[in-house]
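Here is target-v3.txt, consisting of compact mmCIF, C-alpha atoms and all ligand atoms:
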```
# COMPACT_ATOMS: atom_id res chain seq x y z
CA MET A 1 14.89 10.11 -21.18
CA THR A 2 15.89 7.22 -18.90
CA LYS A 3 12.89 5.04 -18.05
CA HIS A 4 12.04 5.04 -14.38
CA ILE A 5 12.54 1.54 -12.92
CA ALA A 6 9.68 0.48 -10.66
CA SER A 7 10.75 -1.37 -7.52
CA HIS A 8 9.17 -4.64 -8.69
CA GLU A 9 11.23 -4.48 -11.90
CA MET A 10 14.47 -4.75 -9.93
CA PRO A 11 16.28 -8.12 -10.06
CA ALA A 12 14.47 -10.70 -7.98
CA THR A 13 16.17 -12.52 -5.13
CA PRO A 14 16.17 -16.22 -6.13
CA THR A 15 13.68 -18.31 -4.18
CA ASP A 16 15.29 -20.70 -1.69
CA PRO A 17 13.85 -24.19 -2.54
CA ALA A 18 14.34 -25.40 1.04
CA LEU A 19 12.39 -22.43 2.41
CA SER A 20 9.61 -22.91 -0.16
CA ALA A 21 9.26 -26.59 0.77
CA ALA A 22 9.12 -25.70 4.46
CA ARG A 23 6.13 -23.45 3.80
CA GLY A 24 3.92 -26.46 2.93
CA GLY A 25 0.27 -25.43 3.00
CA LYS A 26 0.82 -21.84 4.07
CA ILE A 27 -0.51 -18.96 2.00
CA ASN A 28 1.53 -15.98 0.90
CA VAL A 29 0.40 -12.53 1.99
CA ALA A 30 1.92 -9.34 0.55
CA MET A 31 1.55 -5.70 1.60
CA ILE A 32 2.59 -2.38 0.17
CA GLY A 33 2.34 1.29 1.06
CA LEU A 34 1.55 3.59 -1.86
CA CYS A 35 0.72 7.27 -1.15
CA GLY A 36 0.01 7.09 2.58
CA CYS A 37 1.78 7.69 5.86
CA TRP A 38 2.48 4.07 6.92
CA GLY A 39 -0.04 4.46 9.73
CA CYS A 40 -2.10 1.58 8.31
CA THR A 41 1.00 -0.63 8.25
CA LEU A 42 1.58 0.24 11.90
CA SER A 43 -2.03 -0.73 12.57
CA PHE A 44 -1.20 -4.14 11.06
CA LEU A 45 1.62 -4.45 13.60
CA ASP A 46 -0.84 -3.46 16.33
CA MET A 47 -2.22 -6.99 16.04
CA ASP A 48 0.71 -7.63 18.42
CA GLU A 49 1.01 -11.19 19.68
CA ARG A 50 -1.92 -12.31 17.52
CA ILE A 51 0.50 -12.15 14.57
CA LEU A 52 2.52 -15.10 15.94
CA PRO A 53 -0.11 -17.86 15.56
CA LEU A 54 -1.01 -16.38 12.16
CA LEU A 55 2.53 -17.10 11.01
CA THR A 56 1.78 -20.83 11.16
CA LYS A 57 -0.76 -20.25 8.38
CA VAL A 58 0.73 -17.32 6.53
CA THR A 59 4.05 -16.42 4.96
CA ILE A 60 4.56 -12.67 4.70
CA HIS A 61 5.99 -12.13 1.25
CA ARG A 62 6.65 -8.69 -0.29
CA SER A 63 6.16 -6.10 2.44
CA SER A 64 7.88 -3.36 4.38
CA LEU A 65 8.25 -5.91 7.20
CA THR A 66 10.33 -8.30 5.10
CA ASP A 67 11.89 -5.66 2.82
CA ILE A 68 11.17 -7.95 -0.15
CA LYS A 69 10.88 -5.65 -3.17
CA ARG A 70 9.24 -7.93 -5.72
CA ILE A 71 6.58 -10.64 -5.63
CA THR A 72 8.16 -13.87 -6.89
CA GLU A 73 5.47 -16.35 -5.77
CA ARG A 74 1.69 -16.15 -6.24
CA CYS A 75 0.12 -14.47 -3.18
CA ALA A 76 -3.34 -15.28 -1.85
CA ILE A 77 -3.87 -11.84 -0.31
CA GLY A 78 -2.42 -8.39 -0.98
CA PHE A 79 -2.99 -5.49 1.42
CA ILE A 80 -2.68 -2.02 -0.09
CA GLU A 81 -2.14 1.08 2.04
CA GLY A 82 -2.32 4.49 0.40
CA GLY A 83 -3.78 5.88 -2.79
CA VAL A 84 -2.25 6.40 -6.21
CA ALA A 85 -0.30 9.62 -6.65
CA ASN A 86 2.52 8.82 -9.07
CA GLU A 87 3.53 6.48 -11.90
CA ASP A 88 5.36 4.11 -9.57
CA ASN A 89 2.16 3.71 -7.52
CA ILE A 90 0.28 2.75 -10.72
CA GLU A 91 2.87 0.14 -11.75
CA THR A 92 3.13 -1.28 -8.24
CA LEU A 93 -0.64 -1.57 -7.89
CA HIS A 94 -0.91 -3.39 -11.23
CA HIS A 95 1.92 -5.70 -10.13
CA PHE A 96 -0.04 -6.56 -6.98
CA ARG A 97 -3.26 -7.08 -8.97
CA ASP A 98 -1.43 -9.42 -11.35
CA ASN A 99 0.11 -11.47 -8.54
CA CYS A 100 -2.52 -11.55 -5.76
CA ASP A 101 -5.78 -13.50 -5.76
CA ILE A 102 -7.47 -11.06 -3.38
CA LEU A 103 -6.58 -7.39 -3.16
CA ILE A 104 -7.68 -5.27 -0.20
CA SER A 105 -7.73 -1.47 0.17
CA VAL A 106 -6.66 -0.74 3.74
CA GLY A 107 -7.45 2.70 5.14
CA ALA A 108 -8.94 5.96 3.92
CA CYS A 109 -6.09 6.77 1.52
CA ALA A 110 -6.46 3.47 -0.37
CA VAL A 111 -10.28 3.52 -0.15
CA TRP A 112 -10.91 7.09 -1.37
CA GLY A 113 -7.59 8.96 -1.58
CA GLY A 114 -7.55 10.27 2.00
CA VAL A 115 -5.49 13.28 3.04
CA PRO A 116 -3.25 13.28 -0.08
CA ALA A 117 -6.39 13.64 -2.24
CA MET A 118 -6.96 17.09 -0.71
CA ARG A 119 -4.67 18.35 -3.46
CA ASN A 120 -7.24 17.27 -6.05
CA VAL A 121 -9.08 20.58 -5.70
CA PHE A 122 -5.98 22.43 -6.93
CA GLU A 123 -3.96 22.33 -10.14
CA LEU A 124 -0.84 20.17 -9.79
CA LYS A 125 1.40 23.08 -10.83
CA ASP A 126 -0.06 25.20 -8.01
CA CYS A 127 0.64 22.42 -5.49
CA LEU A 128 4.26 22.19 -6.65
CA LEU A 129 4.67 25.96 -6.51
CA GLU A 130 3.23 26.04 -3.00
CA ALA A 131 5.47 23.19 -1.84
CA TYR A 132 8.75 24.23 -3.41
CA VAL A 133 8.63 27.90 -4.44
CA ASN A 134 6.18 29.83 -2.27
CA SER A 135 6.50 27.64 0.80
CA PRO A 136 6.60 29.50 4.13
CA THR A 137 9.52 27.23 5.06
CA ALA A 138 11.56 28.11 1.93
CA VAL A 139 15.05 29.35 2.74
CA PRO A 140 15.16 33.11 2.00
CA GLY A 141 17.42 33.89 -0.94
CA ALA A 142 17.88 30.25 -1.93
CA GLU A 143 17.08 29.23 -5.50
CA ALA A 144 13.68 27.52 -5.59
CA VAL A 145 13.82 24.14 -7.33
CA VAL A 146 10.86 21.93 -8.21
CA PRO A 147 12.35 18.40 -8.16
CA SER A 148 12.43 16.79 -11.59
CA HIS A 149 14.62 13.83 -12.55
CA PRO A 150 14.14 10.64 -14.58
CA ASP A 151 14.67 8.60 -11.39
CA ILE A 152 11.82 10.39 -9.60
CA PRO A 153 8.41 8.88 -10.47
CA ARG A 154 6.19 11.40 -12.26
CA ILE A 155 3.37 12.69 -10.11
CA THR A 156 -0.16 12.10 -11.38
CA THR A 157 -2.34 15.19 -11.86
CA LYS A 158 -4.80 13.85 -9.25
CA VAL A 159 -4.62 11.34 -6.38
CA TYR A 160 -6.77 8.28 -7.08
CA PRO A 161 -8.28 5.60 -4.84
CA CYS A 162 -6.95 2.15 -5.69
CA HIS A 163 -10.23 0.86 -7.15
CA GLU A 164 -10.12 3.56 -9.85
CA VAL A 165 -6.87 1.99 -11.11
CA VAL A 166 -7.43 -1.77 -10.65
CA LYS A 167 -10.24 -3.97 -9.32
CA MET A 168 -10.15 -4.19 -5.52
CA ASP A 169 -11.91 -7.05 -3.73
CA TYR A 170 -12.38 -5.66 -0.20
CA PHE A 171 -12.21 -2.31 1.59
CA ILE A 172 -11.23 -1.76 5.21
CA PRO A 173 -12.08 1.86 6.10
CA GLY A 174 -10.52 3.98 8.83
CA CYS A 175 -7.54 6.27 9.31
CA PRO A 176 -5.99 3.98 10.22
CA PRO A 177 -8.30 0.97 10.49
CA ASP A 178 -8.29 -0.66 13.88
CA ALA A 179 -5.91 -3.62 14.18
CA ASP A 180 -8.96 -5.71 15.18
CA ALA A 181 -10.57 -4.95 11.82
CA ILE A 182 -7.47 -6.04 9.88
CA PHE A 183 -7.20 -9.17 12.04
CA THR A 184 -10.87 -10.06 11.51
CA VAL A 185 -10.63 -9.75 7.72
CA LEU A 186 -7.36 -11.71 7.61
CA GLU A 187 -8.73 -14.50 9.80
CA ASP A 188 -11.90 -14.80 7.71
CA LEU A 189 -9.92 -15.06 4.47
CA ILE A 190 -7.37 -17.52 5.87
CA HIS A 191 -10.19 -19.82 6.96
CA GLY A 192 -12.12 -19.42 3.72
CA ARG A 193 -15.06 -17.70 5.43
CA PRO A 194 -17.06 -14.82 3.91
CA VAL A 195 -15.59 -11.57 5.20
CA ALA A 196 -17.87 -10.23 7.93
CA LEU A 197 -16.61 -7.02 9.50
CA PRO A 198 -18.91 -6.29 12.46
CA ARG A 199 -20.37 -2.78 12.70
CA SER A 200 -18.51 -2.31 15.99
CA LEU A 201 -15.27 -2.32 13.94
CA ASN A 202 -16.68 -0.43 11.01
CA HIS A 203 -18.27 2.80 12.20
CA TYR A 204 -16.80 6.15 13.15
CA ASP A 205 -19.65 8.10 14.73
FE1 LIG A 301 -2.04 7.18 7.08
FE2 LIG A 301 -4.66 7.37 7.57
FE3 LIG A 301 -3.80 7.18 5.05
FE4 LIG A 301 -3.62 5.05 6.67
S1 LIG A 301 -5.52 6.04 5.98
S2 LIG A 301 -2.02 5.80 5.27
S3 LIG A 301 -3.19 6.07 8.67
S4 LIG A 301 -3.38 8.88 6.48
```
Please lay out the structure from this file as structure tokens.
Amino acid sequence: MTKHIASHEMPATPTDPALSAARGGKINVAMIGLCGCWGCTLSFLDMDERILPLLTKVTIHRSSLTDIKRITERCAIGFIEGGVANEDNIETLHHFRDNCDILISVGACAVWGGVPAMRNVFELKDCLLEAYVNSPTAVPGAEAVVPSHPDIPRITTKVYPCHEVVKMDYFIPGCPPDADAIFTVLEDLIHGRPVALPRSLNHYD
């Protein structure tokens, strides 16, 4: 069976020495979406114009914003959206843990599994049957096929929060977290302050 190639195992784009020199003193920040809906990444963008001054202190490395697929320089901070639901998620999360000083679970899916973890109360085979064979949206008369191919990452039997796979350093709850919460944590870490998320940004009642 052909081994599935995780995205971070793909050939790296060579680092541009001139660009690296121009970064002087800035820290690298990486982000990735695992099993989530990208809503937390959109919340990051909701920092709006506050992102611009941050860019004098931060270089955004691997992320969906830069479309960089592999971490090639040590990152100070890694933001993780989504939980772990397949083998690629496991490999990617380990890659981030190995290459980031601080790793942060962003949002309910990363913190405790979130909506995708609702499948944990069922057997995986029953979920696949419901999705691909007995689905109310299945085309009548069409042959039902459960996708299976060496290039498709194998699904894990359960959906796991990130901290059950690797050590996570901080947790930002919410679905998605407020952009102010992400900004506060990022600012604290950039300035070397203890992370202090005020209750006003950290309660949902
Ligand atoms: Fe989407 Fe909510 Fe999960 Fe974030 S926590 S990835 S917004 S479902």
Point-to-point distance from atom CA of Gly36 of chain A to atom CA of Pro194 of chain A, Å rounded to tenths = 27.8 Å
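Of note, atom CA of Phe183 of chain A and atom CA of Tyr160 of chain A are spaced 25.9 Å apart.
Excluding Glu49 of chain A itself and same-chain residues fewer than 5 positions from it, the residues having an atom within 12 Å of it are A:Phe44, A:Leu54, A:Leu55, A:Ala179, A:Phe183, counting all atoms listed in the file.
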Mind listing as number ranges by chain all residues within 9 Å of (7.5, -11.5, -1.6), counting all atoms listed in the file?
-> A: 28-31, 59-63, 66-75
Protein and nucleic acid residues within 6 Å of ligand LIG 301 (chain A) (only C-alpha atoms and all ligand atoms) as a PyMOL selection string = chain A and resi 36-40+81-82+107-109+114-115+175-176
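The two atoms in question, atom CA of Leu65 of chain A and atom CA of Ile80 of chain A, are spaced 13.7 Å apart.
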Please provide as a list in words all residues within 12 Å of Lys57 of chain A, with the sequence filter that same-chain residues fewer than 2 positions apart are discarded (counting all atoms listed in the file).
-> Ala22, Arg23, Gly24, Gly25, Lys26, Ile27, Asn28, Val29, Ile51, Leu52, Pro53, Leu54, Leu55, Thr59, Ile60, Ala76, Leu186, Glu187, Leu189, Ile190 and His191 of chain A
Requested write-out: C-alpha atoms of the selected residues, as an mmCIF file, in the coordinates of the input:
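Ended up saving to again08.cif:
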```
data_model
loop_
_atom_site.group_PDB
_atom_site.id
_atom_site.type_symbol
_atom_site.label_atom_id
_atom_site.label_comp_id
_atom_site.auth_asym_id
_atom_site.auth_seq_id
_atom_site.Cartn_x
_atom_site.Cartn_y
_atom_site.Cartn_z
ATOM 1 C CA ALA A 22 9.120 -25.700 4.460
ATOM 2 C CA ARG A 23 6.130 -23.450 3.800
ATOM 3 C CA GLY A 24 3.920 -26.460 2.930
ATOM 4 C CA GLY A 25 0.270 -25.430 3.000
ATOM 5 C CA LYS A 26 0.820 -21.840 4.070
ATOM 6 C CA ILE A 27 -0.510 -18.960 2.000
ATOM 7 C CA ASN A 28 1.530 -15.980 0.900
ATOM 8 C CA VAL A 29 0.400 -12.530 1.990
ATOM 9 C CA ILE A 51 0.500 -12.150 14.570
ATOM 10 C CA LEU A 52 2.520 -15.100 15.940
ATOM 11 C CA PRO A 53 -0.110 -17.860 15.560
ATOM 12 C CA LEU A 54 -1.010 -16.380 12.160
ATOM 13 C CA LEU A 55 2.530 -17.100 11.010
ATOM 14 C CA THR A 59 4.050 -16.420 4.960
ATOM 15 C CA ILE A 60 4.560 -12.670 4.700
ATOM 16 C CA ALA A 76 -3.340 -15.280 -1.850
ATOM 17 C CA LEU A 186 -7.360 -11.710 7.610
ATOM 18 C CA GLU A 187 -8.730 -14.500 9.800
ATOM 19 C CA LEU A 189 -9.920 -15.060 4.470
ATOM 20 C CA ILE A 190 -7.370 -17.520 5.870
ATOM 21 C CA HIS A 191 -10.190 -19.820 6.960
#
```
Extract segment 56-67 of chain A from the coordinates I pasted, and write it as a PDB file, in the first residue's frame (atoms kept: N, CA and C atoms).
```pdb
ATOM      1  N   THR A  56       4.844  43.989  12.215  1.00  0.00           N
ATOM      2  CA  THR A  56       6.194  44.511  12.458  1.00  0.00           C
ATOM      3  C   THR A  56       6.920  43.653  13.483  1.00  0.00           C
ATOM      4  N   LYS A  57       6.164  42.813  14.208  1.00  0.00           N
ATOM      5  CA  LYS A  57       6.787  41.975  15.244  1.00  0.00           C
ATOM      6  C   LYS A  57       6.738  40.491  14.894  1.00  0.00           C
ATOM      7  N   VAL A  58       5.885  40.161  13.932  1.00  0.00           N
ATOM      8  CA  VAL A  58       5.593  38.760  13.664  1.00  0.00           C
ATOM      9  C   VAL A  58       5.713  38.468  12.174  1.00  0.00           C
ATOM     10  N   THR A  59       6.284  37.323  11.858  1.00  0.00           N
ATOM     11  CA  THR A  59       6.223  36.819  10.484  1.00  0.00           C
ATOM     12  C   THR A  59       5.285  35.626  10.489  1.00  0.00           C
ATOM     13  N   ILE A  60       4.272  35.665   9.652  1.00  0.00           N
ATOM     14  CA  ILE A  60       3.347  34.529   9.584  1.00  0.00           C
ATOM     15  C   ILE A  60       3.961  33.481   8.670  1.00  0.00           C
ATOM     16  N   HIS A  61       4.312  32.375   9.280  1.00  0.00           N
ATOM     17  CA  HIS A  61       4.975  31.289   8.536  1.00  0.00           C
ATOM     18  C   HIS A  61       3.885  30.347   8.003  1.00  0.00           C
ATOM     19  N   ARG A  62       4.033  29.023   8.258  1.00  0.00           N
ATOM     20  CA  ARG A  62       3.058  28.089   7.690  1.00  0.00           C
ATOM     21  C   ARG A  62       1.653  28.473   8.138  1.00  0.00           C
ATOM     22  N   SER A  63       0.752  28.633   7.190  1.00  0.00           N
ATOM     23  CA  SER A  63      -0.633  28.975   7.533  1.00  0.00           C
ATOM     24  C   SER A  63      -1.470  28.920   6.270  1.00  0.00           C
ATOM     25  N   SER A  64      -2.778  28.956   6.457  1.00  0.00           N
ATOM     26  CA  SER A  64      -3.659  29.022   5.289  1.00  0.00           C
ATOM     27  C   SER A  64      -3.608  30.417   4.667  1.00  0.00           C
ATOM     28  N   LEU A  65      -3.093  31.411   5.413  1.00  0.00           N
ATOM     29  CA  LEU A  65      -2.997  32.767   4.871  1.00  0.00           C
ATOM     30  C   LEU A  65      -1.829  32.865   3.891  1.00  0.00           C
ATOM     31  N   THR A  66      -0.739  32.151   4.198  1.00  0.00           N
ATOM     32  CA  THR A  66       0.447  32.229   3.348  1.00  0.00           C
ATOM     33  C   THR A  66       0.506  31.084   2.351  1.00  0.00           C
ATOM     34  N   ASP A  67      -0.287  30.033   2.599  1.00  0.00           N
ATOM     35  CA  ASP A  67      -0.268  28.817   1.789  1.00  0.00           C
ATOM     36  C   ASP A  67       1.098  28.130   1.841  1.00  0.00           C
TER      37      ASP A  67
END
```
